[in-house]
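The structure appears right after this line, and notes come after that.
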Amino acid sequence: MNIHRLQYAQTIPADIQTAWAFFSDPCNLCRITPEWLCFDIRFVSPGEMYSGMIIEYEIRAIARISMYWLTEITHVKKPYFFVDEQRLGPYRFWHHQHLFHESSRGTEIIDLVHYALPFGRFSAPVHYFLVRPRLEQIFSFRHKALERIFGSGHVD
């Protein structure tokens, strides 16, 4: 199995508690996900995020074909990190760490994603030409959306 890795970092001008409150609420995923993904939460437990929490949603990542995705929040250390792992969905393996670090400019948010595609060695062209570019588009959109929501934090 070929494991791929993505890492994105961004600092937002907000304290760590504010950043945590935003990112630990699954309903905010819709605010930082491109519309073309047609992200639709089907079920999430109410209340504060916890280890074992299940989130069900549907996406349309490729040719508007509906894909079911079931995620479990496997680790939570408020307000420093949480991990979501795919239990059912389009990937063979998906492990997404959300890390939060206080800094003099606000809160640094790090997304560290490890993932693998189905179909073994036949997935390489699909990864190169479709999956990796789509993931990069999603995280680029997320970066811009967070700047709209929180501001850039840049001091000129």
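Note on naming: chains are A, B, ... as they come in the structure tokens, residues start from 1 per chain, ligands start from 1 in the order shown.
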Close residues, region 100-107 of chain A itself excluded, 12 Å, only C-alpha atoms, min 2 positions apart in chain, as an MDAnalysis selection string: chainID A and resid 9:24 76:83 97:98 109:112 146 150:155
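Shortest separation to Leu37 (chain A) among A:Ile73, A:Met49, A:Leu135, A:Lys144 occurs at residue A:Leu135, atoms counted being only C-alpha atoms.
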DSSP-assigned strand (DSSP E) members of region 48-143 of chain A, reported as a PyMOL selection string: chain A and resi 54-62+65-77+81-88+93-103+106-116
Kindly save the residues from that selection, with C-alpha atoms included, as a short mmCIF file (atom, residue, chain, number, x, y, z; two decimals), in the first residue's frame.
data_model
loop_
_atom_site.label_atom_id
_atom_site.label_comp_id
_atom_site.auth_asym_id
_atom_site.auth_seq_id
_atom_site.Cartn_x
_atom_site.Cartn_y
_atom_site.Cartn_z
CA ILE A 54 -18.99 9.58 14.41
CA ILE A 55 -19.65 12.00 11.56
CA GLU A 56 -21.51 10.87 8.44
CA TYR A 57 -21.45 12.95 5.31
CA GLU A 58 -21.75 12.84 1.57
CA ILE A 59 -19.47 14.46 -0.98
CA ARG A 60 -19.39 14.70 -4.76
CA ALA A 61 -15.66 14.91 -5.46
CA ILE A 62 -15.50 13.31 -8.90
CA ILE A 65 -20.87 11.18 -8.24
CA SER A 66 -22.18 10.90 -4.69
CA MET A 67 -19.75 9.31 -2.19
CA TYR A 68 -20.60 8.32 1.35
CA TRP A 69 -17.98 9.07 4.01
CA LEU A 70 -18.04 7.95 7.61
CA THR A 71 -15.45 9.51 9.91
CA GLU A 72 -14.56 8.73 13.50
CA ILE A 73 -12.85 11.24 15.77
CA THR A 74 -10.26 8.93 17.31
CA HIS A 75 -8.16 11.26 19.47
CA VAL A 76 -8.94 14.57 21.18
CA LYS A 77 -6.72 16.71 23.38
CA PHE A 81 -5.26 18.44 18.54
CA PHE A 82 -7.82 16.02 17.26
CA VAL A 83 -7.64 13.21 14.73
CA ASP A 84 -10.29 12.08 12.28
CA GLU A 85 -10.06 8.73 10.55
CA GLN A 86 -12.20 7.43 7.71
CA ARG A 87 -14.13 4.29 8.59
CA LEU A 88 -16.04 4.06 5.29
CA PHE A 93 -6.76 4.70 4.42
CA TRP A 94 -7.34 8.25 5.76
CA HIS A 95 -5.79 9.69 8.92
CA HIS A 96 -6.09 13.47 9.41
CA GLN A 97 -4.39 15.22 12.32
CA HIS A 98 -5.53 18.74 13.21
CA LEU A 99 -2.88 20.43 15.36
CA PHE A 100 -3.15 23.82 17.09
CA HIS A 101 -0.20 25.82 18.48
CA GLU A 102 -0.31 29.23 20.12
CA SER A 103 2.04 31.78 18.63
CA GLY A 106 -2.43 33.91 16.99
CA THR A 107 -2.87 30.19 16.46
CA GLU A 108 -0.93 28.07 14.01
CA ILE A 109 -3.13 25.37 12.51
CA ILE A 110 -1.42 22.34 11.01
CA ASP A 111 -3.24 19.75 8.94
CA LEU A 112 -1.29 16.53 8.55
CA VAL A 113 -2.98 13.95 6.35
CA HIS A 114 -1.82 10.43 5.58
CA TYR A 115 -3.90 8.59 3.00
CA ALA A 116 -3.89 5.68 0.58
#
Per DSSP on the backbone, what are the helix (DSSP H, G or I) residues of chain A, as number ranges by chain? A: 16-23, 26-32, 35-37, 120-150
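Distance annotation: of A:Pro118, A:Pro133, A:Pro34, A:Pro26, the residue with the minimal separation from Arg92 (chain A) is A:Pro118; atom set is only C-alpha atoms.
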Can you measure CA of Phe122 (chain A) to CA of Met1 (chain A) for me? One decimal in Å is fine. 11.0 Å
One decimal, in Å: what's the spacing between CA of Met53 (chain A) and CA of Asn28 (chain A)? 15.8 Å
